[in-house]
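Okay, data-v2.cif is below, mmCIF, C-alpha atoms:
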data_entry
loop_
_atom_site.label_atom_id
_atom_site.label_comp_id
_atom_site.auth_asym_id
_atom_site.auth_seq_id
_atom_site.Cartn_x
_atom_site.Cartn_y
_atom_site.Cartn_z
CA ASP A 1 -28.28 11.01 7.93
CA MET A 2 -26.73 9.26 4.95
CA ASN A 3 -26.94 5.59 4.19
CA PHE A 4 -24.07 3.79 2.48
CA LEU A 5 -24.76 0.68 0.41
CA PRO A 6 -21.71 -1.39 -0.65
CA LEU A 7 -21.86 -3.12 -4.01
CA ASP A 8 -19.58 -5.96 -5.15
CA ILE A 9 -18.55 -5.57 -8.78
CA SER A 10 -16.21 -7.31 -11.19
CA GLY A 11 -15.02 -7.08 -14.77
CA ASP A 12 -14.16 -4.03 -16.83
CA PHE A 13 -16.42 -2.49 -19.48
CA ASN A 14 -18.71 -5.47 -18.85
CA PRO A 15 -22.16 -4.50 -20.20
CA PHE A 16 -23.96 -6.87 -17.81
CA THR A 17 -22.13 -5.44 -14.77
CA ILE A 18 -22.74 -1.85 -15.91
CA GLY A 19 -26.43 -2.65 -16.44
CA SER A 20 -26.67 -4.23 -12.99
CA ILE A 21 -25.07 -1.16 -11.37
CA LYS A 22 -27.45 1.13 -13.27
CA SER A 23 -30.45 -0.87 -12.01
CA PHE A 24 -29.05 -0.83 -8.47
CA ILE A 25 -28.62 2.96 -8.62
CA LYS A 26 -32.18 3.45 -9.88
CA LYS A 27 -33.83 0.97 -7.51
CA ASN A 28 -32.10 2.39 -4.40
CA GLU A 29 -32.36 6.02 -5.54
CA ILE A 30 -28.60 6.43 -5.16
CA GLU A 31 -27.50 10.07 -5.17
CA PHE A 32 -23.73 9.47 -5.09
CA VAL A 33 -21.68 6.64 -6.54
CA ILE A 34 -18.32 6.56 -4.74
CA VAL A 35 -15.60 4.72 -6.64
CA ASN A 36 -11.99 3.88 -5.78
CA PHE A 37 -10.00 2.25 -8.57
CA THR A 38 -9.85 3.22 -12.24
CA LYS A 39 -11.87 0.12 -13.17
CA ASP A 40 -14.55 1.27 -10.71
CA ILE A 41 -14.60 4.69 -12.40
CA ARG A 42 -15.37 3.04 -15.72
CA LEU A 43 -18.01 0.64 -14.40
CA GLY A 44 -19.67 2.95 -11.88
CA GLY A 45 -19.20 6.06 -13.98
CA ILE A 46 -20.75 4.66 -17.16
CA ALA A 47 -23.65 3.18 -15.13
CA ALA A 48 -24.25 6.51 -13.37
CA ARG A 49 -24.13 8.47 -16.62
CA TRP A 50 -26.53 5.96 -18.19
CA GLU A 51 -28.91 6.21 -15.23
CA GLY A 52 -28.65 9.98 -15.41
CA SER A 53 -29.32 11.37 -11.92
CA SER A 54 -26.49 10.28 -9.60
CA LYS A 55 -23.09 11.92 -9.26
CA VAL A 56 -19.78 10.06 -9.26
CA ILE A 57 -17.15 10.79 -6.60
CA TRP A 58 -13.70 9.28 -6.98
CA SER A 59 -12.22 8.56 -3.56
CA VAL A 60 -8.53 8.08 -4.27
CA GLY A 61 -5.93 6.93 -1.72
CA LEU A 62 -2.90 6.67 -3.98
CA ASP A 63 -1.83 7.97 -7.36
CA ILE A 64 -3.29 5.58 -9.93
CA THR A 65 -3.64 8.11 -12.74
CA LYS A 66 -2.13 7.00 -16.03
CA ASP A 67 -0.84 8.92 -19.00
CA SER A 68 -3.00 7.02 -21.48
CA LEU A 69 -5.59 8.25 -23.96
CA SER A 70 -8.42 6.20 -22.42
CA HIS A 71 -7.72 7.66 -18.96
CA LYS A 72 -7.39 11.20 -20.27
CA ILE A 73 -10.63 11.03 -22.25
CA LEU A 74 -12.84 8.87 -20.04
CA THR A 75 -11.96 9.87 -16.48
CA PRO A 76 -12.98 13.57 -16.72
CA LYS A 77 -16.27 12.56 -18.36
CA LEU A 78 -17.14 9.94 -15.74
CA ILE A 79 -16.41 11.76 -12.47
CA ASP A 80 -18.02 14.79 -10.87
CA GLY A 81 -15.65 15.20 -7.94
CA VAL A 82 -12.56 13.75 -6.33
CA LEU A 83 -11.81 13.11 -2.65
CA THR A 84 -8.21 12.71 -1.55
CA PRO A 85 -6.59 12.62 1.92
CA SER A 86 -3.69 15.03 1.33
CA GLU A 87 -2.63 18.07 -0.66
CA ALA A 88 0.43 16.08 -1.74
CA LEU A 89 -1.75 13.44 -3.38
CA LYS A 90 -3.96 16.11 -4.93
CA LYS A 91 -0.84 17.55 -6.57
CA GLN A 92 0.15 14.11 -7.86
CA ILE A 93 -3.20 13.18 -9.40
CA THR A 94 -3.62 16.57 -11.10
CA LYS A 95 -0.15 16.75 -12.63
CA LEU A 96 -1.26 15.17 -15.92
CA GLU A 97 -3.88 17.94 -16.12
CA TYR A 98 -6.86 15.83 -17.18
CA ILE A 99 -8.17 16.04 -13.60
CA LYS A 100 -8.72 19.69 -12.76
CA PRO A 101 -7.56 20.87 -9.30
CA GLU A 102 -10.93 22.53 -8.66
CA LEU A 103 -12.59 19.08 -8.83
CA VAL A 104 -10.47 17.78 -5.94
CA LYS A 105 -11.44 18.12 -2.27
CA VAL A 106 -8.84 17.24 0.39
CA ILE A 107 -10.32 15.52 3.43
CA PRO A 108 -7.73 13.91 5.75
CA ILE A 109 -8.32 10.31 6.76
CA GLY A 110 -9.46 9.94 10.37
CA ILE A 111 -9.17 6.82 12.52
CA PRO A 112 -11.31 5.61 15.44
CA GLU A 113 -10.24 5.21 19.04
CA LEU A 114 -7.60 2.60 19.79
CA LYS A 115 -9.22 -0.73 20.63
CA GLY A 116 -7.84 -2.70 23.52
CA ASP A 117 -6.15 -2.10 26.85
CA LYS A 118 -4.81 1.45 27.18
CA ASN A 119 -2.83 0.74 30.34
CA ARG A 120 0.74 1.10 29.11
CA ALA A 121 2.32 -0.84 31.99
CA GLU A 122 0.09 -3.86 31.40
CA CYS A 123 0.60 -3.75 27.62
CA ARG A 124 4.34 -3.48 28.16
CA LYS A 125 4.35 -6.59 30.35
CA ARG A 126 2.49 -8.57 27.70
CA ILE A 127 4.74 -7.34 24.89
CA ASN A 128 7.91 -8.07 26.89
CA THR A 129 6.67 -11.62 27.45
CA LYS A 130 5.37 -12.11 23.89
CA TYR A 131 8.64 -11.10 22.21
CA ASN A 132 11.08 -11.98 25.02
CA ILE A 133 12.10 -8.34 25.57
CA THR A 134 13.91 -7.34 28.76
CA LYS A 135 12.26 -4.85 31.11
CA ASN A 136 14.68 -1.95 30.54
CA SER A 137 14.56 -2.08 26.72
CA ILE A 138 13.56 0.80 24.47
CA ILE A 139 10.83 -0.38 22.09
CA SER A 140 10.55 1.16 18.63
CA VAL A 141 7.67 0.26 16.30
CA THR A 142 7.56 0.48 12.51
CA SER A 143 4.26 -0.47 10.93
CA GLY A 144 3.77 -1.23 7.26
CA ARG A 145 3.95 -3.79 4.51
CA PHE A 146 7.46 -4.99 3.63
CA VAL A 147 7.75 -3.31 0.25
CA ASN A 148 10.31 -0.87 -1.15
CA GLN A 149 8.05 2.15 -0.67
CA LYS A 150 8.06 1.73 3.11
CA GLY A 151 11.85 2.09 3.35
CA HIS A 152 12.53 -0.54 6.03
CA ILE A 153 16.02 -1.09 4.61
CA TYR A 154 17.04 2.45 5.59
CA LEU A 155 15.98 1.89 9.19
CA ILE A 156 18.05 -1.31 9.30
CA GLU A 157 21.08 0.58 7.97
CA ALA A 158 20.47 3.44 10.43
CA ALA A 159 20.26 0.94 13.29
CA VAL A 160 23.99 0.20 13.04
CA GLU A 161 24.69 3.63 14.54
CA ILE A 162 21.62 3.76 16.80
CA VAL A 163 22.53 0.58 18.71
CA LYS A 164 25.98 1.98 19.52
CA HIS A 165 24.24 4.69 21.57
CA TYR A 166 21.25 2.61 22.71
CA PRO A 167 22.23 -1.07 22.87
CA GLU A 168 18.99 -1.80 24.77
CA ILE A 169 16.77 -0.81 21.80
CA LYS A 170 14.45 -3.31 20.13
CA PHE A 171 12.98 -2.53 16.71
CA LEU A 172 9.58 -4.16 16.21
CA LEU A 173 8.72 -4.40 12.52
CA LEU A 174 4.96 -4.85 12.48
CA GLY A 175 3.85 -6.57 9.29
CA ASP A 176 5.01 -8.80 6.48
CA GLY A 177 5.46 -8.68 2.73
CA PRO A 178 7.58 -9.62 -0.28
CA ASN A 179 10.75 -7.94 1.06
CA ARG A 180 10.80 -9.97 4.28
CA GLU A 181 13.59 -12.36 3.28
CA MET A 182 15.75 -9.52 1.97
CA LEU A 183 15.26 -7.54 5.19
CA GLU A 184 16.06 -10.57 7.34
CA GLU A 185 19.26 -11.12 5.37
CA LYS A 186 20.28 -7.47 5.83
CA ILE A 187 19.59 -7.62 9.57
CA SER A 188 21.77 -10.73 9.83
CA GLU A 189 24.52 -9.29 7.63
CA LEU A 190 24.79 -6.20 9.87
CA ASN A 191 24.77 -8.32 13.07
CA LEU A 192 21.54 -6.73 14.25
CA SER A 193 19.48 -9.88 14.82
CA LYS A 194 19.19 -9.34 18.59
CA HIS A 195 17.78 -5.84 18.00
CA PHE A 196 15.10 -6.59 15.39
CA ILE A 197 11.84 -8.49 15.85
CA ILE A 198 9.63 -9.18 12.84
CA THR A 199 6.12 -9.76 14.12
CA GLY A 200 4.38 -10.86 10.93
CA MET A 201 0.83 -9.74 10.20
CA LEU A 202 -1.16 -8.82 13.30
CA ASP A 203 -4.94 -8.58 13.65
CA ASN A 204 -4.60 -5.93 16.32
CA LEU A 205 -1.66 -3.59 16.91
CA SER A 206 -3.07 -2.20 20.16
CA ASP A 207 -0.60 -3.78 22.60
CA GLU A 208 2.43 -3.16 20.40
CA LEU A 209 1.60 0.53 19.89
CA THR A 210 0.61 1.19 23.49
CA ALA A 211 3.74 -0.51 24.84
CA ALA A 212 6.22 1.23 22.53
CA ASP A 213 8.45 4.23 23.26
CA ILE A 214 8.81 5.61 19.73
CA MET A 215 7.51 5.11 16.19
CA ILE A 216 9.90 5.18 13.22
CA HIS A 217 8.45 5.46 9.71
CA PRO A 218 11.18 5.60 7.03
CA SER A 219 8.93 5.65 3.93
CA VAL A 220 10.17 6.52 0.46
CA GLU A 221 6.62 7.24 -0.75
CA GLU A 222 3.53 7.88 1.36
CA PRO A 223 0.31 9.43 0.00
CA TYR A 224 -0.94 10.02 3.56
CA GLY A 225 0.44 8.07 6.54
CA ILE A 226 -2.24 6.13 8.44
CA ALA A 227 0.39 4.11 10.33
CA ILE A 228 1.89 7.36 11.64
CA LEU A 229 -1.54 8.53 12.70
CA GLU A 230 -1.99 5.25 14.60
CA GLY A 231 1.26 5.98 16.41
CA MET A 232 0.14 9.51 17.28
CA ARG A 233 -3.18 8.17 18.57
CA ALA A 234 -1.21 5.88 20.90
CA GLY A 235 0.80 8.86 22.19
CA LEU A 236 4.07 7.96 20.46
CA PRO A 237 6.71 10.46 19.36
CA VAL A 238 7.45 9.89 15.68
CA VAL A 239 10.51 10.04 13.44
CA ALA A 240 9.47 9.87 9.80
CA SER A 241 10.48 10.70 6.24
CA GLU A 242 9.48 14.09 4.90
CA VAL A 243 7.63 12.70 1.89
CA GLY A 244 4.14 12.76 0.41
CA GLY A 245 1.33 13.48 2.84
CA ILE A 246 3.35 12.85 6.02
CA PRO A 247 4.08 16.58 6.66
CA GLU A 248 0.31 17.14 6.61
CA VAL A 249 -0.40 14.39 9.16
CA VAL A 250 2.25 15.50 11.67
CA ILE A 251 3.57 18.85 12.83
CA ASN A 252 7.35 18.86 12.39
CA HIS A 253 9.27 19.33 15.67
CA GLN A 254 5.98 19.20 17.59
CA THR A 255 4.46 15.76 17.02
CA ALA A 256 7.31 14.33 14.93
CA GLU A 257 10.81 14.81 13.63
CA LEU A 258 10.89 14.69 9.85
CA VAL A 259 14.01 13.67 7.95
CA GLN A 260 15.12 13.26 4.35
CA SER A 261 14.06 9.88 2.98
CA GLU A 262 16.52 7.19 1.89
CA ASN A 263 19.16 8.69 4.20
CA PRO A 264 20.19 6.31 7.01
CA THR A 265 22.67 8.85 8.45
CA ASN A 266 20.06 11.56 8.93
CA LEU A 267 17.57 9.01 10.18
CA SER A 268 19.94 7.66 12.82
CA LYS A 269 20.87 11.17 14.01
CA ALA A 270 17.23 12.17 14.44
CA ILE A 271 16.41 9.00 16.36
CA ILE A 272 19.49 9.23 18.62
CA ASN A 273 18.76 12.91 19.36
CA LEU A 274 15.14 12.25 20.20
CA LEU A 275 15.89 9.23 22.39
CA SER A 276 18.32 11.40 24.37
CA ASP A 277 15.52 13.79 25.37
CA ARG A 278 12.79 11.92 27.26
CA GLU A 279 10.97 15.15 28.07
CA LYS A 280 10.71 16.02 24.37
CA MET A 281 9.55 12.50 23.56
CA ASN A 282 6.75 12.75 26.12
CA ALA A 283 5.71 16.20 24.90
CA MET A 284 5.62 14.98 21.28
CA GLY A 285 3.50 12.00 22.27
CA VAL A 286 1.00 14.24 24.07
CA GLU A 287 0.80 16.68 21.15
CA GLY A 288 0.39 13.85 18.65
CA MET A 289 -2.49 12.36 20.62
CA LYS A 290 -4.12 15.80 20.82
CA ARG A 291 -3.78 16.30 17.07
CA TRP A 292 -5.43 12.96 16.39
CA GLY A 293 -8.21 13.65 18.92
CA SER A 294 -9.05 17.14 17.71
CA LEU A 295 -8.53 16.87 13.94
CA LEU A 296 -7.76 13.43 12.61
CA ASN A 297 -10.32 11.18 14.28
CA LEU A 298 -12.94 9.12 12.46
CA SER A 299 -15.86 11.29 13.55
CA ASN A 300 -14.31 14.41 12.00
CA MET A 301 -13.63 12.61 8.74
CA ILE A 302 -17.23 11.36 8.49
CA ASP A 303 -18.59 14.84 9.25
CA ASN A 304 -16.31 16.37 6.61
CA ILE A 305 -17.35 13.85 3.96
CA GLU A 306 -21.05 14.29 4.76
CA ASN A 307 -20.73 18.07 4.58
CA TYR A 308 -18.88 17.77 1.28
CA LEU A 309 -21.60 15.58 -0.21
CA ILE A 310 -24.37 17.86 1.10
CA GLN A 311 -22.68 20.91 -0.42
CA PHE A 312 -21.89 18.96 -3.58
CA SER A 313 -25.52 18.00 -4.09
CA LYS A 314 -26.50 21.69 -4.13
CA VAL A 315 -24.20 22.51 -7.03
CA ASP A 316 -24.64 21.53 -10.65
CA THR A 317 -21.37 19.79 -11.57
CA THR A 318 -22.41 18.27 -14.86
CA ASN A 319 -19.40 17.45 -17.03
CA GLY A 320 -19.60 17.81 -20.76
#
Can I see the file as structure tokens?
Amino acid sequence: DMNFLPLDISGDFNPFTIGSIKSFIKKNEIEFVIVNFTKDIRLGGIAARWEGSSKVIWSVGLDITKDSLSHKILTPKLIDGVLTPSEALKKQITKLEYIKPELVKVIPIGIPELKGDKNRAECRKRINTKYNITKNSIISVTSGRFVNQKGHIYLIEAAVEIVKHYPEIKFLLLGDGPNREMLEEKISELNLSKHFIITGMLDNLSDELTAADIMIHPSVEEPYGIAILEGMRAGLPVVASEVGGIPEVVINHQTAELVQSENPTNLSKAIINLLSDREKMNAMGVEGMKRWGSLLNLSNMIDNIENYLIQFSKVDTTNG
């Protein structure tokens, strides 16, 4: 069994912080230093190299590589391996060529079981009451921060056509963010206010996901797609953009329908077609839940990371 010890750090190239990390590594006999951000690579990496026995693993969830001399020179010298959740992100972080593809191991992110009531009928009652939704409505969920990368604006534009076919649909936008005012203005401008509900930040999405009929994820960029995985875990059919790591999380036409990003016309067509086939929606939901349960759950991810570290510790990966 492996023990994980979190360590709060601050500053950048701070000798005191680096010295403290080095002492922590030595005192606790740390074998692996796992870092996330580029600042962490510098602090943890220099400390680990100074201490001399531990290896540095960069666990990267989005492309934060930079085309600068300091990054190109320092990063390869301070890391022994890289963990990333998708082949798409691996391709992104190796494109500048100072991180070698052979250093990168792809381990998909896994998520734990859904917390909360799994009785759909009861969740639906609560959600209908909470958001004043009528009983016969279709509920769509879109989960993610209100930023350009998540593509909410394209869903709003697609909704103009969708509501002509399904006037009973309600789009729940789960989250908040800097684009909220702009999105609210667009919803109002297109006379869609009765179809959109902005929930704000939620501590628990359990009821919303369990009660929904479909998940729509119109991202422009997506290194992986945890929100989509949460929808699959809840048994939701998914319509999503074919970008980044999303095609690795879902199986196109089996657990999701993938469409070109930034294209409201294609997005609306895919949603209208899927909503017209309840049998297909149910089958997609079942397959998505199976995919989460068999491959993309938290237990699998932990096992994969542990196996990687065990194998890693048997190999000499010293960087010059």
Apply the PyMOL selection byres ((chain A and resi 263) around 10) to the file shown and report the selected residues as an mmCIF file with C-alpha atoms, in the frame of the given file.
data_model
loop_
_atom_site.group_PDB
_atom_site.id
_atom_site.type_symbol
_atom_site.label_atom_id
_atom_site.label_comp_id
_atom_site.auth_asym_id
_atom_site.auth_seq_id
_atom_site.Cartn_x
_atom_site.Cartn_y
_atom_site.Cartn_z
ATOM 1 C CA GLY A 151 11.850 2.090 3.350
ATOM 2 C CA TYR A 154 17.040 2.450 5.590
ATOM 3 C CA LEU A 155 15.980 1.890 9.190
ATOM 4 C CA GLU A 157 21.080 0.580 7.970
ATOM 5 C CA ALA A 158 20.470 3.440 10.430
ATOM 6 C CA PRO A 218 11.180 5.600 7.030
ATOM 7 C CA VAL A 220 10.170 6.520 0.460
ATOM 8 C CA SER A 241 10.480 10.700 6.240
ATOM 9 C CA VAL A 259 14.010 13.670 7.950
ATOM 10 C CA GLN A 260 15.120 13.260 4.350
ATOM 11 C CA SER A 261 14.060 9.880 2.980
ATOM 12 C CA GLU A 262 16.520 7.190 1.890
ATOM 13 C CA PRO A 264 20.190 6.310 7.010
ATOM 14 C CA THR A 265 22.670 8.850 8.450
ATOM 15 C CA ASN A 266 20.060 11.560 8.930
ATOM 16 C CA LEU A 267 17.570 9.010 10.180
ATOM 17 C CA SER A 268 19.940 7.660 12.820
#
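Selection check: the PyMOL selection byres ((chain A and resi 177) around 7) on the shown file gives Arg145, Phe146, Val147, Asp176, Pro178, Asn179 and Arg180 of chain A.
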Residues selected by the PyMOL selection byres ((chain A and resi 31-45) around 7), written as a ChimeraX atom specification: /A:12-13,18,21,29-30,46-49,54-60,78-79
Within 9 Å of file point (7.1, 8.8, 14.8), counting all atoms listed in the file, expressed as a PyMOL selection string: chain A and resi 141-142+214-217+228-229+231-232+236-240+250+255-258+285
Radius query 7 Å about (-13.9, 19.2, -0.6), atoms used: only C-alpha atoms, as an MDAnalysis selection string: chainID A and resid 83 104:107 308
Contacts of A:Ser143 within 7 Å, all atoms listed in the file, excl. fewer than 2 positions in-chain, as a list in words: Val141, Leu173, Leu174, Gly175 and Ala227 of chain A
Exercise: A:Pro223 partners within 6 Å, all atoms listed in the file, chain neighbours under 4 positions left out, as a PyMOL selection string: chain A and resi 62+89+244-245
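The space between atom CA of A:Leu309 and atom CA of A:Ser294 spans 21.9 Å.
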